[in-house]
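File shown: data_14.csv. Contents: CSV, C-alpha atoms.
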chain,number,residue,atom,x,y,z
A,1,MET,CA,-12.8,-147.2,-6.0
A,2,GLU,CA,-12.7,-151.0,-6.4
A,3,ARG,CA,-13.6,-150.6,-10.1
A,4,ASN,CA,-10.6,-148.3,-10.7
A,5,ARG,CA,-8.1,-151.0,-9.6
A,6,LYS,CA,-6.0,-152.6,-12.3
A,7,ARG,CA,-7.1,-156.1,-13.2
A,8,ALA,CA,-4.4,-158.7,-13.7
A,9,ASN,CA,-3.7,-162.5,-13.5
A,10,LEU,CA,-0.8,-163.9,-11.6
A,11,VAL,CA,1.5,-166.9,-11.7
A,12,LEU,CA,4.1,-167.6,-9.0
A,13,GLY,CA,7.0,-170.0,-9.5
A,14,GLY,CA,8.4,-172.3,-6.8
A,15,GLY,CA,11.3,-171.7,-4.5
A,16,GLY,CA,10.7,-173.0,-1.0
A,17,ILE,CA,11.3,-170.4,1.8
A,18,LYS,CA,12.4,-167.9,-0.9
A,19,GLY,CA,8.7,-167.4,-1.5
A,20,ILE,CA,8.8,-164.8,1.3
A,21,ALA,CA,9.8,-162.5,-1.5
A,22,TYR,CA,6.3,-162.7,-2.9
A,23,ILE,CA,5.1,-160.8,0.2
A,24,GLY,CA,7.1,-157.8,-1.0
A,25,MET,CA,5.9,-158.3,-4.6
A,26,TYR,CA,2.3,-158.3,-3.3
A,27,GLU,CA,2.8,-155.2,-1.2
A,28,ALA,CA,4.1,-153.3,-4.3
A,29,ALA,CA,1.2,-154.6,-6.4
A,30,GLU,CA,-1.3,-153.4,-3.7
A,31,ALA,CA,0.3,-150.0,-3.6
A,32,LYS,CA,-0.1,-149.7,-7.4
A,33,GLY,CA,-3.7,-150.7,-7.3
A,34,PHE,CA,-3.6,-154.2,-8.8
A,35,ARG,CA,-6.3,-156.7,-8.3
A,36,PHE,CA,-5.5,-160.3,-9.1
A,37,GLU,CA,-8.4,-162.2,-10.7
A,38,SER,CA,-6.9,-165.7,-11.4
A,39,ILE,CA,-3.9,-167.0,-9.7
A,40,GLY,CA,-1.7,-170.0,-10.5
A,41,GLY,CA,1.3,-171.3,-8.7
A,42,VAL,CA,3.6,-174.2,-7.8
A,43,SER,CA,5.3,-175.1,-4.5
A,44,ALA,CA,5.9,-171.8,-2.5
A,45,GLY,CA,4.0,-170.0,-5.3
A,46,ALA,CA,1.0,-172.2,-4.7
A,47,LEU,CA,1.1,-171.5,-1.0
A,48,VAL,CA,1.4,-167.7,-1.3
A,49,GLY,CA,-1.0,-167.7,-4.2
A,50,ALA,CA,-3.7,-169.5,-2.2
A,51,VAL,CA,-3.3,-167.0,0.7
A,52,ILE,CA,-3.6,-164.0,-1.7
A,53,GLY,CA,-6.6,-165.6,-3.4
A,54,ALA,CA,-8.2,-166.1,0.0
A,55,GLY,CA,-8.3,-162.4,0.4
A,56,TYR,CA,-5.4,-161.7,2.8
A,57,LYS,CA,-3.6,-158.4,2.4
A,58,ALA,CA,0.2,-157.9,2.2
A,59,GLN,CA,0.4,-156.6,5.8
A,60,GLU,CA,-1.5,-159.7,7.0
A,61,LEU,CA,1.0,-161.9,5.2
A,62,LYS,CA,3.8,-160.1,6.9
A,63,ARG,CA,2.2,-160.7,10.3
A,64,ILE,CA,1.6,-164.4,9.5
A,65,LEU,CA,5.3,-164.7,8.5
A,66,TYR,CA,6.6,-163.1,11.7
A,67,GLU,CA,4.2,-165.0,13.9
A,68,THR,CA,5.1,-168.4,12.4
A,69,ASP,CA,7.4,-170.6,14.4
A,70,PHE,CA,9.7,-172.3,11.9
A,71,ASP,CA,11.4,-174.4,14.5
A,72,LYS,CA,9.4,-177.4,13.3
A,73,ILE,CA,11.4,-177.3,10.1
A,74,ASN,CA,14.9,-176.6,11.6
A,75,ILE,CA,17.3,-178.5,9.3
A,76,ARG,CA,20.7,-177.3,10.6
A,77,ASP,CA,21.6,-180.9,11.6
A,78,ILE,CA,21.6,-183.0,8.5
A,79,SER,CA,23.2,-186.4,8.9
A,80,ARG,CA,25.5,-188.0,6.4
A,81,GLU,CA,23.3,-191.1,6.9
A,82,MET,CA,20.4,-189.5,5.0
A,83,PRO,CA,20.2,-191.9,2.0
A,84,VAL,CA,20.3,-189.4,-0.8
A,85,VAL,CA,23.2,-187.5,0.8
A,86,GLN,CA,25.1,-190.7,1.7
A,87,ARG,CA,24.8,-192.0,-1.9
A,88,PHE,CA,25.9,-188.7,-3.4
A,89,ILE,CA,29.0,-188.6,-1.1
A,90,GLU,CA,29.9,-192.1,-2.3
A,91,TYR,CA,29.4,-190.8,-5.9
A,92,PHE,CA,31.6,-187.9,-5.3
A,93,GLU,CA,34.3,-189.9,-3.6
A,94,LYS,CA,34.6,-192.0,-6.8
A,95,GLY,CA,35.5,-188.8,-8.6
A,96,ARG,CA,32.4,-188.6,-10.7
A,97,TYR,CA,31.1,-185.1,-9.7
A,98,ILE,CA,32.0,-182.4,-12.1
A,99,ASN,CA,29.0,-179.9,-12.3
A,100,ASP,CA,25.2,-179.7,-12.0
A,101,ASN,CA,24.8,-182.1,-14.9
A,102,SER,CA,26.6,-184.7,-12.8
A,103,ILE,CA,23.8,-184.4,-10.2
A,104,GLU,CA,21.2,-185.3,-12.8
A,105,ASP,CA,23.4,-188.2,-13.8
A,106,PHE,CA,23.7,-189.3,-10.1
A,107,LEU,CA,19.9,-189.2,-9.7
A,108,GLN,CA,19.5,-191.5,-12.6
A,109,ILE,CA,21.5,-194.3,-10.9
A,110,PRO,CA,19.2,-196.9,-9.4
A,111,ALA,CA,18.8,-196.5,-5.6
A,112,ARG,CA,20.0,-199.4,-3.5
A,113,GLU,CA,18.3,-202.7,-4.1
A,114,GLY,CA,15.1,-203.1,-2.2
A,115,LEU,CA,14.1,-199.4,-2.1
A,116,PHE,CA,11.9,-199.9,-5.1
A,117,SER,CA,10.1,-203.0,-3.8
A,118,GLU,CA,6.9,-201.2,-3.0
A,119,ILE,CA,6.8,-198.6,-5.7
A,120,ILE,CA,8.2,-200.0,-8.9
A,121,GLU,CA,5.0,-201.7,-10.1
A,122,PRO,CA,2.8,-198.6,-10.6
A,123,PHE,CA,5.4,-196.6,-12.4
A,124,GLU,CA,4.4,-195.9,-16.1
A,125,PHE,CA,7.1,-193.4,-16.9
A,126,SER,CA,10.4,-194.5,-18.3
A,127,GLY,CA,13.6,-192.9,-19.5
A,128,PRO,CA,16.1,-190.7,-17.6
A,129,ARG,CA,13.4,-188.4,-16.1
A,130,GLY,CA,11.5,-191.5,-15.1
A,131,ASP,CA,14.6,-192.8,-13.3
A,132,ILE,CA,15.0,-189.5,-11.4
A,133,LEU,CA,11.3,-189.6,-10.3
A,134,LYS,CA,11.7,-193.2,-9.1
A,135,ASN,CA,14.8,-192.3,-7.1
A,136,ILE,CA,13.0,-189.3,-5.6
A,137,ILE,CA,10.2,-191.5,-4.3
A,138,ALA,CA,12.6,-194.3,-3.2
A,139,TYR,CA,14.9,-192.0,-1.2
A,140,SER,CA,12.0,-190.0,0.2
A,141,LYS,CA,10.2,-193.1,1.4
A,142,GLU,CA,13.2,-194.5,3.1
A,143,LYS,CA,14.0,-191.2,4.9
A,144,CYS,CA,13.1,-187.5,4.5
A,145,LEU,CA,13.5,-184.6,6.8
A,146,PHE,CA,9.8,-184.0,7.6
A,147,ASP,CA,6.4,-185.6,6.9
A,148,GLY,CA,5.1,-182.2,5.7
A,149,ASP,CA,1.7,-182.6,7.3
A,150,PHE,CA,2.3,-179.5,9.5
A,151,ILE,CA,2.2,-177.4,6.2
A,152,GLU,CA,-1.3,-178.7,5.5
A,153,GLU,CA,-2.5,-178.1,9.1
A,154,TRP,CA,-1.0,-174.6,9.1
A,155,MET,CA,-2.6,-173.6,5.8
A,156,TYR,CA,-5.9,-175.2,6.7
A,157,LYS,CA,-6.2,-172.9,9.8
A,158,ILE,CA,-5.1,-169.8,7.8
A,159,LEU,CA,-7.5,-170.4,5.0
A,160,LEU,CA,-10.4,-171.3,7.3
A,161,LYS,CA,-10.1,-167.8,8.9
A,162,LYS,CA,-11.3,-166.4,5.5
A,163,GLY,CA,-14.0,-169.0,5.2
A,164,ILE,CA,-12.1,-171.2,2.7
A,165,LYS,CA,-11.9,-175.0,3.1
A,166,THR,CA,-12.4,-176.6,-0.4
A,167,PHE,CA,-12.0,-175.4,-3.9
A,168,SER,CA,-15.7,-174.9,-4.2
A,169,ASP,CA,-15.2,-172.0,-1.9
A,170,ILE,CA,-13.0,-170.2,-4.4
A,171,ARG,CA,-15.0,-170.6,-7.6
A,172,THR,CA,-15.6,-167.5,-9.6
A,173,LYS,CA,-17.3,-166.5,-12.9
A,174,ASN,CA,-13.9,-166.0,-14.6
A,175,THR,CA,-13.9,-169.2,-16.7
A,176,ASP,CA,-11.9,-170.0,-19.8
A,177,LYS,CA,-10.6,-173.1,-21.7
A,178,SER,CA,-7.8,-173.7,-19.3
A,179,ASN,CA,-9.9,-173.1,-16.2
A,180,PRO,CA,-13.5,-174.2,-17.2
A,181,LYS,CA,-14.8,-174.2,-13.6
A,182,GLY,CA,-13.4,-170.8,-12.8
A,183,TYR,CA,-11.3,-171.6,-9.7
A,184,LYS,CA,-9.6,-168.4,-8.5
A,185,VAL,CA,-6.5,-170.3,-7.5
A,186,ARG,CA,-5.0,-173.4,-9.1
A,187,MET,CA,-1.7,-175.1,-8.6
A,188,THR,CA,0.5,-178.0,-9.8
A,189,ALA,CA,2.0,-181.1,-8.4
A,190,VAL,CA,3.7,-184.1,-10.1
A,191,ASP,CA,2.4,-187.6,-10.2
A,192,ALA,CA,5.7,-189.4,-10.1
A,193,ASN,CA,4.2,-192.7,-11.2
A,194,ARG,CA,3.1,-191.2,-14.5
A,195,GLY,CA,5.8,-188.6,-14.9
A,196,LYS,CA,3.0,-186.1,-15.3
A,197,VAL,CA,2.2,-182.6,-14.1
A,198,VAL,CA,-1.1,-182.6,-12.3
A,199,VAL,CA,-3.3,-179.5,-12.2
A,200,LEU,CA,-5.1,-179.0,-8.9
A,201,PRO,CA,-7.9,-179.2,-8.3
A,202,ASP,CA,-9.0,-180.2,-11.9
A,203,ASP,CA,-6.9,-183.3,-12.4
A,204,ILE,CA,-7.7,-184.8,-9.0
A,205,SER,CA,-10.8,-186.4,-10.7
A,206,PHE,CA,-8.3,-188.9,-12.2
A,207,TYR,CA,-8.0,-190.4,-8.7
A,208,GLY,CA,-11.8,-190.6,-8.2
A,209,ILE,CA,-12.0,-187.3,-6.1
A,210,ASP,CA,-14.4,-184.5,-6.9
A,211,PRO,CA,-12.3,-181.3,-7.6
A,212,ASP,CA,-14.8,-179.1,-5.8
A,213,ARG,CA,-14.4,-181.2,-2.6
A,214,LEU,CA,-10.6,-181.2,-2.6
A,215,GLU,CA,-9.3,-179.2,0.4
A,216,VAL,CA,-7.1,-176.3,-0.7
A,217,ALA,CA,-4.7,-177.0,2.1
A,218,LYS,CA,-4.3,-180.6,0.9
A,219,ALA,CA,-3.5,-179.4,-2.6
A,220,ILE,CA,-0.9,-177.0,-1.2
A,221,ARG,CA,0.6,-180.0,0.7
A,222,MET,CA,0.9,-181.8,-2.6
A,223,SER,CA,2.4,-178.9,-4.5
A,224,THR,CA,4.9,-178.2,-1.8
A,225,SER,CA,6.2,-181.8,-1.3
A,226,VAL,CA,9.8,-180.8,-1.9
A,227,PRO,CA,11.8,-184.0,-2.7
A,228,PHE,CA,13.9,-185.4,0.1
A,229,ALA,CA,12.6,-182.7,2.5
A,230,PHE,CA,9.0,-183.8,2.7
A,231,LYS,CA,7.2,-187.1,2.3
A,232,PRO,CA,5.3,-187.4,-1.0
A,233,VAL,CA,1.5,-187.5,-0.7
A,234,GLU,CA,0.1,-191.0,-1.4
A,235,ILE,CA,-3.2,-191.4,-3.1
A,236,ASN,CA,-4.8,-194.8,-3.7
A,237,LYS,CA,-6.4,-195.1,-7.1
A,238,LYS,CA,-8.7,-198.0,-7.9
A,239,TYR,CA,-8.1,-200.1,-11.0
A,240,GLY,CA,-11.0,-202.4,-11.1
A,241,LYS,CA,-11.0,-204.6,-8.0
A,242,SER,CA,-7.4,-203.6,-7.1
A,243,SER,CA,-5.8,-200.3,-6.2
A,244,LYS,CA,-2.4,-198.8,-6.6
A,245,LYS,CA,-0.6,-196.0,-4.8
A,246,HIS,CA,0.3,-192.9,-6.7
A,247,TYR,CA,2.9,-190.5,-5.3
A,248,LEU,CA,2.4,-186.8,-5.7
A,249,VAL,CA,5.4,-184.5,-5.2
A,250,ASP,CA,6.3,-180.9,-5.7
A,251,GLY,CA,5.2,-179.6,-9.1
A,252,GLY,CA,8.4,-177.8,-9.5
A,253,ILE,CA,10.2,-181.0,-10.4
A,254,LEU,CA,8.9,-180.9,-14.0
A,255,ASP,CA,7.9,-177.3,-14.3
A,256,ASN,CA,9.0,-174.7,-11.7
A,257,PHE,CA,7.1,-171.9,-13.5
A,258,PRO,CA,3.7,-173.1,-14.8
A,259,LEU,CA,2.8,-169.9,-16.7
A,260,TRP,CA,0.5,-172.0,-18.9
A,261,LEU,CA,-1.9,-172.4,-16.0
A,262,ILE,CA,-3.7,-169.2,-17.0
A,263,GLU,CA,-4.9,-168.7,-20.6
A,264,PRO,CA,-3.5,-165.5,-22.3
A,265,SER,CA,-5.9,-162.6,-22.5
A,266,GLU,CA,-6.0,-159.5,-24.6
A,267,SER,CA,-7.8,-157.5,-21.9
A,268,VAL,CA,-6.2,-158.8,-18.7
A,269,PRO,CA,-2.4,-158.9,-18.5
A,270,LEU,CA,-0.6,-161.8,-16.9
A,271,ILE,CA,2.1,-161.2,-14.4
A,272,GLY,CA,4.6,-164.1,-13.8
A,273,CYS,CA,7.1,-164.0,-10.9
A,274,MET,CA,10.2,-166.2,-10.7
A,275,LEU,CA,12.6,-166.5,-7.8
A,276,LYS,CA,16.2,-166.2,-9.0
A,277,GLY,CA,19.3,-166.8,-7.0
A,278,LYS,CA,22.5,-168.9,-6.5
A,279,ALA,CA,22.9,-170.7,-3.2
A,280,LYS,CA,26.4,-171.5,-2.0
A,281,PHE,CA,27.4,-175.2,-2.4
A,282,SER,CA,30.0,-177.1,-0.4
A,283,ILE,CA,30.7,-180.7,-1.3
A,284,PHE,CA,31.8,-181.3,2.4
A,285,ASP,CA,28.6,-180.2,4.0
A,286,PRO,CA,25.7,-182.6,4.0
A,287,LEU,CA,23.1,-179.8,4.3
A,288,SER,CA,24.7,-178.0,1.4
A,289,ILE,CA,24.7,-181.2,-0.7
A,290,LEU,CA,20.9,-181.7,-0.1
A,291,LYS,CA,20.2,-178.1,-1.0
A,292,LYS,CA,22.1,-178.4,-4.2
A,293,ILE,CA,20.4,-181.6,-5.2
A,294,ILE,CA,17.0,-180.1,-4.6
A,295,SER,CA,18.0,-176.9,-6.5
A,296,VAL,CA,19.1,-178.9,-9.6
A,297,VAL,CA,15.9,-181.0,-9.5
A,298,HIS,CA,13.8,-177.9,-9.6
A,299,ASP,CA,15.7,-176.4,-12.5
A,300,TYR,CA,14.8,-179.4,-14.5
A,301,GLY,CA,12.4,-178.8,-17.5
A,302,ILE,CA,11.5,-175.1,-17.1
A,303,PRO,CA,9.8,-174.1,-20.4
A,304,ASP,CA,10.6,-171.2,-22.7
A,305,VAL,CA,8.1,-168.4,-22.1
A,306,LYS,CA,9.5,-165.6,-24.2
A,307,ASP,CA,6.6,-165.5,-26.6
A,308,TYR,CA,3.8,-165.4,-24.1
A,309,LYS,CA,1.5,-162.5,-25.1
A,310,ASN,CA,0.4,-159.6,-22.8
A,311,CYS,CA,2.6,-161.0,-20.1
A,312,ASN,CA,5.1,-159.4,-17.7
A,313,ILE,CA,7.8,-161.7,-16.4
A,314,ILE,CA,9.4,-160.5,-13.1
A,315,ASN,CA,12.6,-162.0,-11.9
A,316,ILE,CA,13.1,-161.6,-8.1
A,317,ASP,CA,16.7,-161.8,-6.8
A,318,THR,CA,16.9,-164.1,-3.8
A,319,GLY,CA,20.7,-163.9,-3.4
A,320,ASN,CA,22.3,-167.0,-2.0
A,321,ILE,CA,19.3,-168.1,0.0
A,322,SER,CA,18.2,-171.6,-0.8
A,323,PHE,CA,14.9,-173.6,-0.8
A,324,LEU,CA,15.6,-175.0,2.7
A,325,ASP,CA,16.9,-172.0,4.6
A,326,PHE,CA,14.0,-172.0,7.1
A,327,ASN,CA,16.2,-170.6,9.9
A,328,LEU,CA,16.4,-167.1,8.3
A,329,ASP,CA,17.1,-164.2,10.6
A,330,GLU,CA,15.1,-160.9,10.5
A,331,LYS,CA,17.6,-159.3,8.1
A,332,GLU,CA,17.4,-162.1,5.6
A,333,LYS,CA,13.6,-162.1,5.7
A,334,GLU,CA,13.5,-158.3,5.1
A,335,PHE,CA,16.0,-158.8,2.2
A,336,LEU,CA,13.6,-161.2,0.5
A,337,ILE,CA,10.6,-158.9,1.1
A,338,GLN,CA,12.4,-155.9,-0.3
A,339,SER,CA,13.7,-157.8,-3.3
A,340,GLY,CA,10.1,-158.7,-4.2
A,341,TYR,CA,9.0,-155.1,-3.7
A,342,LYS,CA,11.8,-153.6,-5.8
A,343,ALA,CA,11.4,-156.2,-8.6
A,344,PHE,CA,7.7,-155.4,-9.0
A,345,ASN,CA,8.2,-151.7,-8.8
A,346,HIS,CA,10.9,-151.9,-11.4
A,347,ALA,CA,8.8,-154.0,-13.8
A,348,PHE,CA,5.9,-151.5,-13.5
A,349,ARG,CA,7.7,-148.2,-13.1
A,350,ARG,CA,5.8,-145.3,-14.6
A,351,ARG,CA,6.6,-144.7,-18.3
A,352,ILE,CA,5.5,-141.7,-20.4
A,353,PRO,CA,5.2,-142.3,-24.2
A,354,ILE,CA,7.3,-140.0,-26.3
A,355,SER,CA,4.2,-139.0,-28.3
A,356,ILE,CA,2.6,-137.6,-25.1
A,357,ILE,CA,5.7,-135.6,-24.2
A,358,LYS,CA,5.8,-134.1,-27.7
A,359,ARG,CA,2.1,-133.3,-27.6
A,360,TYR,CA,2.0,-131.6,-24.2
A,361,GLY,CA,5.6,-130.6,-23.6
A,362,PHE,CA,8.1,-131.8,-21.0
A,363,ILE,CA,7.4,-129.0,-18.5
A,364,TYR,CA,3.7,-129.7,-18.5
A,365,ILE,CA,4.3,-133.5,-18.0
A,366,LEU,CA,6.7,-132.8,-15.1
A,367,ARG,CA,4.2,-130.5,-13.4
A,368,ARG,CA,1.5,-133.2,-13.7
A,369,LEU,CA,3.9,-135.8,-12.1
A,370,LEU,CA,4.6,-133.4,-9.2
A,371,GLY,CA,0.9,-132.7,-8.8
A,372,LEU,CA,1.2,-129.0,-9.6
A,373,CYS,CA,-1.5,-128.9,-12.3

Take the structure in the file and give it back as structure tokens.
Amino acid sequence: MERNRKRANLVLGGGGIKGIAYIGMYEAAEAKGFRFESIGGVSAGALVGAVIGAGYKAQELKRILYETDFDKINIRDISREMPVVQRFIEYFEKGRYINDNSIEDFLQIPAREGLFSEIIEPFEFSGPRGDILKNIIAYSKEKCLFDGDFIEEWMYKILLKKGIKTFSDIRTKNTDKSNPKGYKVRMTAVDANRGKVVVLPDDISFYGIDPDRLEVAKAIRMSTSVPFAFKPVEINKKYGKSSKKHYLVDGGILDNFPLWLIEPSESVPLIGCMLKGKAKFSIFDPLSILKKIISVVHDYGIPDVKDYKNCNIINIDTGNISFLDFNLDEKEKEFLIQSGYKAFNHAFRRRIPISIIKRYGFIYILRRLLGLC
């Protein structure tokens, strides 16, 4: 029966807590008999992709979701004193906020003097995007909501139950030019110093670390380091006798849908899932301000993928739920799961070619669909 399952590759975009919708997507894929061979992801997509790649089933993912205590990341009380929020309010009060483009302009304004004192030297990337990355690190180092280590610890325990610790545990024979070592799951982060997307585990060798020995949970921690919410991951890279800190953050900053992680294939289709929604925004609510800033940062630099061959792009509606809505009630969680389920089913609804209908006749086709012949 396993041989009759549909082979496919999978790429999951970022979206914070909205990634719950991928559980519904996976449930629908299972029901239709899909088997994912290679999986790529970023941020929430990296987290869910790793769990799917570890061998968990959709019902197990649901159980994990409902058993997880999200009180550790309760963010209902956001102070105006949080640096990035405070600076944006000052920016707004000067009458300079107009639309989302204004948030990009705001993030290019140098942070307060002194914030760059420890991090300015290693930065190699210049220009507007470089300024944004510098500000992300500066603000996050001064104050962010959480350290993010609990995500790594949580994922470590979940993956270990399936016997997975490092990337050497998820190597397969499915190699190609983009994935020469055949890792079943790969993900992206951003090296803010270099303004560069980092593919994990492959590119971790740049920092003197063996890709096979990188823990999958650590890579997830890097890929999910949402700016201002979680501290960036610091890696010390040696340069001769000295060393410099590199700051790795959420890969969605430069590319929130890394479809290119998996090479196109004539024989194995690629399924790419994106989380689409529009969160509410109030200029008078600090939490709303933070959510909006993060949303704009993650919409930055998404590539055009219209010409990707043998590929199905699935857009999942997440309504007005934002990256940081970790205090979802049961109704909202179920909405996300059902959105993912419906989106996948819609994308792969059963189609009957006109030529088949002409050949066998409509009544015969209908009887076959109903199981009458």

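Nearest-residue note for Ala217 (chain A): choosing from A:Val42, A:Leu287, A:Leu12, A:Val51, the minimum distance belongs to A:Val51, counting only C-alpha atoms.
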
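Minimum distance to Leu270 (chain A) across A:Lys157, A:Ile314, A:Ser178, A:Glu60 (counting only C-alpha atoms) occurs at A:Ile314.
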
So how many Å separate CA of Lys184 (chain A) and CA of Gly45 (chain A), to one decimal? 14.1 Å

Within 12 Å of (0.8, -167.5, 0.2) (coordinates as in the file), grab all the protein and nucleic acid residues, counting only C-alpha atoms, and write them out as number ranges by chain. A: 11-14, 16-26, 39-58, 60-62, 64-65, 151, 154-155, 158-159, 185, 187, 216-217, 220, 224

Quick one: pull the distance between CA of Arg7 (chain A) and CA of Ile316 (chain A), Å, one decimal. 21.5 Å

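Every protein or nucleic acid residue with an atom no more than 8 Å from region 190-203 of chain A, counting all atoms listed in the file and leaving out same-chain residues fewer than 4 positions away, appears here: Pro122, Phe123, Glu124, Phe125, Arg129, Gly130, Leu133, Lys134, Ile137, Phe167, Arg186, Pro211, Asp212, Leu214, Ala219, Ser223, His246, Tyr247, Leu248, Val249, Asp250, Gly251, Gly252, Ile253, Leu254 and Asp255 of chain A.
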
Need the neighbours of (20.5, -172.1, 0.3): which residues are at most 7 Å away, counting all atoms listed in the file, as a PyMOL selection string? chain A and resi 279-280+291+320-325

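Proximity ranking of A:Asn312, A:Ser288, A:Gln108, A:Asn236 relative to Ile89 (chain A) places A:Ser288 first, based on only C-alpha atoms.
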